[in-house]
>>> print(open('start.pdb').read())   # PDB, C-alpha atoms, pLDDT in the B column
ATOM      1  CA  MET E 909       0.000   0.000   0.000  1.00 78.00           C
ATOM      2  CA  PRO E 910       1.483   3.398  -0.947  1.00 85.00           C
ATOM      3  CA  ARG E 911       2.446   5.887   1.728  1.00 86.00           C
ATOM      4  CA  ALA E 912      -0.085   8.686   2.318  1.00 86.00           C
ATOM      5  CA  THR E 913       1.671  12.049   2.613  1.00 86.00           C
ATOM      6  CA  ASN E 914      -1.309  14.384   2.888  1.00 91.00           C
ATOM      7  CA  ALA E 915       0.185  16.364   0.013  1.00 92.00           C
ATOM      8  CA  PRO E 916      -2.528  19.033  -0.332  1.00 94.00           C
ATOM      9  CA  ALA E 917      -2.217  20.121   3.307  1.00 95.00           C
ATOM     10  CA  SER E 918       1.605  20.026   3.223  1.00 93.00           C
ATOM     11  CA  ARG E 919       1.697  22.048   0.020  1.00 95.00           C
ATOM     12  CA  GLU E 920      -0.725  24.599   1.463  1.00 96.00           C
ATOM     13  CA  ARG E 921       1.328  24.908   4.656  1.00 95.00           C
ATOM     14  CA  ARG E 922       4.488  25.536   2.602  1.00 96.00           C
ATOM     15  CA  ARG E 923       2.683  27.977   0.304  1.00 97.00           C
ATOM     16  CA  ARG E 924       1.437  29.998   3.281  1.00 97.00           C
ATOM     17  CA  ARG E 925       4.930  30.224   4.783  1.00 97.00           C
ATOM     18  CA  LEU E 926       6.531  31.199   1.476  1.00 97.00           C
ATOM     19  CA  GLU E 927       3.822  33.828   1.006  1.00 97.00           C
ATOM     20  CA  LEU E 928       4.852  35.379   4.339  1.00 97.00           C
ATOM     21  CA  ALA E 929       8.479  35.426   3.124  1.00 97.00           C
ATOM     22  CA  LYS E 930       7.560  37.332  -0.037  1.00 96.00           C
ATOM     23  CA  GLY E 931       9.889  40.298  -0.479  1.00 96.00           C
ATOM     24  CA  PHE E 932      12.830  38.702   1.338  1.00 97.00           C
ATOM     25  CA  ARG E 933      16.072  38.438  -0.667  1.00 97.00           C
ATOM     26  CA  GLY E 934      17.511  35.283  -2.213  1.00 96.00           C
ATOM     27  CA  ASN E 935      16.707  31.875  -0.752  1.00 96.00           C
ATOM     28  CA  ARG E 936      14.945  33.508   2.195  1.00 97.00           C
ATOM     29  CA  SER E 937      11.913  33.838  -0.071  1.00 97.00           C
ATOM     30  CA  LYS E 938      12.321  30.651  -2.126  1.00 96.00           C
ATOM     31  CA  ASN E 939      13.702  27.849   0.025  1.00 97.00           C
ATOM     32  CA  PHE E 940      11.139  26.563   2.531  1.00 97.00           C
ATOM     33  CA  ARG E 941      13.464  25.935   5.479  1.00 97.00           C
ATOM     34  CA  THR E 942      15.338  29.217   5.067  1.00 98.00           C
ATOM     35  CA  ALA E 943      12.071  31.087   4.575  1.00 98.00           C
ATOM     36  CA  THR E 944      10.639  29.525   7.741  1.00 97.00           C
ATOM     37  CA  GLU E 945      13.638  30.675   9.779  1.00 98.00           C
ATOM     38  CA  ALA E 946      13.485  34.153   8.253  1.00 98.00           C
ATOM     39  CA  VAL E 947       9.739  34.505   8.869  1.00 98.00           C
ATOM     40  CA  ASP E 948      10.016  33.274  12.474  1.00 97.00           C
ATOM     41  CA  ARG E 949      12.759  35.797  13.165  1.00 97.00           C
ATOM     42  CA  ALA E 950      10.819  38.574  11.432  1.00 97.00           C
ATOM     43  CA  MET E 951       7.750  37.849  13.576  1.00 96.00           C
ATOM     44  CA  CYS E 952       9.817  38.007  16.780  1.00 96.00           C
ATOM     45  CA  MET E 953      11.474  41.248  15.701  1.00 97.00           C
ATOM     46  CA  ALA E 954       8.133  42.786  14.724  1.00 96.00           C
ATOM     47  CA  THR E 955       6.750  42.084  18.186  1.00 95.00           C
ATOM     48  CA  GLU E 956       9.846  43.462  19.901  1.00 96.00           C
ATOM     49  CA  HIS E 957      10.004  46.544  17.723  1.00 97.00           C
ATOM     50  CA  ARG E 958       6.356  47.416  18.294  1.00 97.00           C
ATOM     51  CA  LYS E 959       7.266  47.707  21.975  1.00 96.00           C
ATOM     52  CA  LEU E 960      10.448  49.677  21.254  1.00 97.00           C
ATOM     53  CA  ARG E 961       8.605  52.138  18.999  1.00 97.00           C
ATOM     54  CA  LYS E 962       6.486  53.270  21.947  1.00 97.00           C
ATOM     55  CA  ARG E 963       9.665  53.882  23.954  1.00 97.00           C
ATOM     56  CA  ASP E 964      11.262  55.806  21.085  1.00 98.00           C
ATOM     57  CA  PHE E 965       8.261  58.080  20.664  1.00 98.00           C
ATOM     58  CA  ARG E 966       8.130  58.892  24.372  1.00 98.00           C
ATOM     59  CA  ALA E 967      11.823  59.850  24.267  1.00 98.00           C
ATOM     60  CA  LEU E 968      11.142  62.066  21.237  1.00 98.00           C
ATOM     61  CA  TRP E 969       8.253  63.828  23.002  1.00 98.00           C
ATOM     62  CA  ILE E 970      10.366  64.436  26.100  1.00 98.00           C
ATOM     63  CA  THR E 971      13.181  65.883  23.970  1.00 98.00           C
ATOM     64  CA  ARG E 972      10.758  68.254  22.246  1.00 98.00           C
ATOM     65  CA  ILE E 973       9.179  69.356  25.525  1.00 98.00           C
ATOM     66  CA  ASN E 974      12.617  69.914  27.070  1.00 98.00           C
ATOM     67  CA  ALA E 975      13.721  72.081  24.128  1.00 98.00           C
ATOM     68  CA  ALA E 976      10.555  74.189  24.290  1.00 97.00           C
ATOM     69  CA  ALA E 977      10.720  74.464  28.080  1.00 97.00           C
ATOM     70  CA  ARG E 978      14.356  75.589  28.025  1.00 97.00           C
ATOM     71  CA  ALA E 979      13.448  78.212  25.427  1.00 97.00           C
ATOM     72  CA  ASN E 980      11.043  79.520  28.072  1.00 96.00           C
ATOM     73  CA  GLY E 981      13.657  79.462  30.837  1.00 96.00           C
ATOM     74  CA  ILE E 982      12.834  76.248  32.727  1.00 97.00           C
ATOM     75  CA  THR E 983      14.125  72.685  32.575  1.00 97.00           C
ATOM     76  CA  TYR E 984      11.989  69.696  31.626  1.00 97.00           C
ATOM     77  CA  SER E 985      11.969  68.149  35.085  1.00 97.00           C
ATOM     78  CA  ARG E 986      11.022  71.419  36.815  1.00 97.00           C
ATOM     79  CA  PHE E 987       8.344  72.018  34.169  1.00 97.00           C
ATOM     80  CA  ILE E 988       6.768  68.602  34.761  1.00 97.00           C
ATOM     81  CA  GLU E 989       7.000  69.127  38.524  1.00 97.00           C
ATOM     82  CA  GLY E 990       5.216  72.482  38.182  1.00 97.00           C
ATOM     83  CA  LEU E 991       2.477  70.985  36.005  1.00 97.00           C
ATOM     84  CA  THR E 992       1.959  68.209  38.555  1.00 96.00           C
ATOM     85  CA  LYS E 993       1.648  70.703  41.395  1.00 96.00           C
ATOM     86  CA  ALA E 994      -0.727  72.831  39.310  1.00 96.00           C
ATOM     87  CA  ASP E 995      -2.819  69.681  38.734  1.00 96.00           C
ATOM     88  CA  ILE E 996      -2.538  70.029  34.959  1.00 95.00           C
ATOM     89  CA  LYS E 997      -2.895  66.524  33.545  1.00 96.00           C
ATOM     90  CA  LEU E 998      -1.579  66.524  29.992  1.00 95.00           C
ATOM     91  CA  ASN E 999       0.437  63.613  28.661  1.00 96.00           C
ATOM     92  CA  ARG E1000       3.797  64.086  26.989  1.00 97.00           C
ATOM     93  CA  LYS E1001       2.434  63.483  23.493  1.00 98.00           C
ATOM     94  CA  VAL E1002      -0.049  66.342  23.848  1.00 98.00           C
ATOM     95  CA  LEU E1003       2.524  68.628  25.486  1.00 98.00           C
ATOM     96  CA  SER E1004       4.878  67.957  22.583  1.00 98.00           C
ATOM     97  CA  GLU E1005       2.178  68.795  20.039  1.00 97.00           C
ATOM     98  CA  ILE E1006       1.320  72.009  21.902  1.00 97.00           C
ATOM     99  CA  ALA E1007       5.000  72.987  21.989  1.00 97.00           C
ATOM    100  CA  ILE E1008       5.250  72.589  18.211  1.00 97.00           C
ATOM    101  CA  ALA E1009       1.861  73.849  17.025  1.00 97.00           C
ATOM    102  CA  ASP E1010       1.029  76.552  19.564  1.00 96.00           C
ATOM    103  CA  PRO E1011       4.064  78.119  21.272  1.00 96.00           C
ATOM    104  CA  ALA E1012       1.889  80.788  22.961  1.00 97.00           C
ATOM    105  CA  ALA E1013      -0.195  78.128  24.720  1.00 97.00           C
ATOM    106  CA  PHE E1014       2.982  76.297  25.749  1.00 98.00           C
ATOM    107  CA  THR E1015       4.369  79.527  27.198  1.00 97.00           C
ATOM    108  CA  ALA E1016       1.152  79.909  29.206  1.00 97.00           C
ATOM    109  CA  LEU E1017       1.619  76.381  30.563  1.00 97.00           C
ATOM    110  CA  VAL E1018       5.236  77.210  31.482  1.00 97.00           C
ATOM    111  CA  GLU E1019       4.055  80.312  33.364  1.00 96.00           C
ATOM    112  CA  LYS E1020       1.517  78.258  35.327  1.00 96.00           C
ATOM    113  CA  ALA E1021       4.191  75.706  36.151  1.00 96.00           C
ATOM    114  CA  LYS E1022       6.620  78.432  37.262  1.00 96.00           C
ATOM    115  CA  ALA E1023       3.922  80.021  39.443  1.00 96.00           C
ATOM    116  CA  GLN E1024       3.413  76.720  41.281  1.00 95.00           C
ATOM    117  CA  LEU E1025       7.155  76.306  41.835  1.00 92.00           C
ATOM    118  CA  ALA E1026       7.694  79.801  43.238  1.00 80.00           C
TER     119      ALA E1026
END
>>> encode(input="start.pdb", output="structure tokens")
Amino acid sequence: MPRATNAPASRERRRRRLELAKGFRGNRSKNFRTATEAVDRAMCMATEHRKLRKRDFRALWITRINAAARANGITYSRFIEGLTKADIKLNRKVLSEIAIADPAAFTALVEKAKAQLA
């Protein structure tokens, strides 16, 4: 009796994996084993880098806020401390956008923060 290999399912499984490897260079998109390794690694990196992107953006926002705060004569840490004491609850993303788009409003926030620190 001939050996049953379940060829349709195996072929479909390989096709799906090679489809995920589309766009990779060389054998990483053609050879099944190499493509599997490349796709597995890419999935792990994608997960890790989604987490890192959040960290990178927060660092960018803090840098922007610090630059705008120093232009108004206060450091980032003192500015955040003043906002906390003034009970102004704006996250760093919003503060960064205000600093870029509306410098007058950011200056008003800096003044409120300075008033709480004095």
>>> resolve_selection(input="start.pdb", expression="the PyMOL selection byres ((chain E and resi 951-968) around 12)", output="PyMOL selection string")
chain E and resi 925+928-929+944-950+969-975+999-1005
>>> resolve_selection(input="start.pdb", expression="the PyMOL selection byres ((chain E and resi 985) around 12)", output="short mmCIF file (atom, residue, chain, number, x, y, z; two decimals) with C-alpha atoms, in the frame of the given file")
data_model
loop_
_atom_site.label_atom_id
_atom_site.label_comp_id
_atom_site.auth_asym_id
_atom_site.auth_seq_id
_atom_site.Cartn_x
_atom_site.Cartn_y
_atom_site.Cartn_z
CA ILE E 970 10.37 64.44 26.10
CA THR E 971 13.18 65.88 23.97
CA ILE E 973 9.18 69.36 25.52
CA ASN E 974 12.62 69.91 27.07
CA ALA E 975 13.72 72.08 24.13
CA ALA E 977 10.72 74.46 28.08
CA ARG E 978 14.36 75.59 28.02
CA ILE E 982 12.83 76.25 32.73
CA THR E 983 14.12 72.68 32.58
CA TYR E 984 11.99 69.70 31.63
CA ARG E 986 11.02 71.42 36.82
CA PHE E 987 8.34 72.02 34.17
CA ILE E 988 6.77 68.60 34.76
CA GLU E 989 7.00 69.13 38.52
CA GLY E 990 5.22 72.48 38.18
CA LEU E 991 2.48 70.98 36.01
CA THR E 992 1.96 68.21 38.56
CA VAL E 1018 5.24 77.21 31.48
CA ALA E 1021 4.19 75.71 36.15
CA LYS E 1022 6.62 78.43 37.26
CA LEU E 1025 7.16 76.31 41.84
#
>>> atom_distance(input="start.pdb", atom1="CA of Pro1011 (chain E)", atom2="CA of Asp995 (chain E)")
20.6 Å
>>> atom_distance(input="start.pdb", atom1="CA of Arg922 (chain E)", atom2="CA of Ser937 (chain E)")
11.5 Å
>>> closest_residue(input="start.pdb", among="E:Glu927, E:Glu1019, E:Arg921, E:Ala1007", to="Gly981 (chain E)", atoms="all atoms listed in the file")
E:Glu1019
>>> atom_distance(input="start.pdb", atom1="CA of Ala1013 (chain E)", atom2="CA of Ala994 (chain E)")
15.5 Å
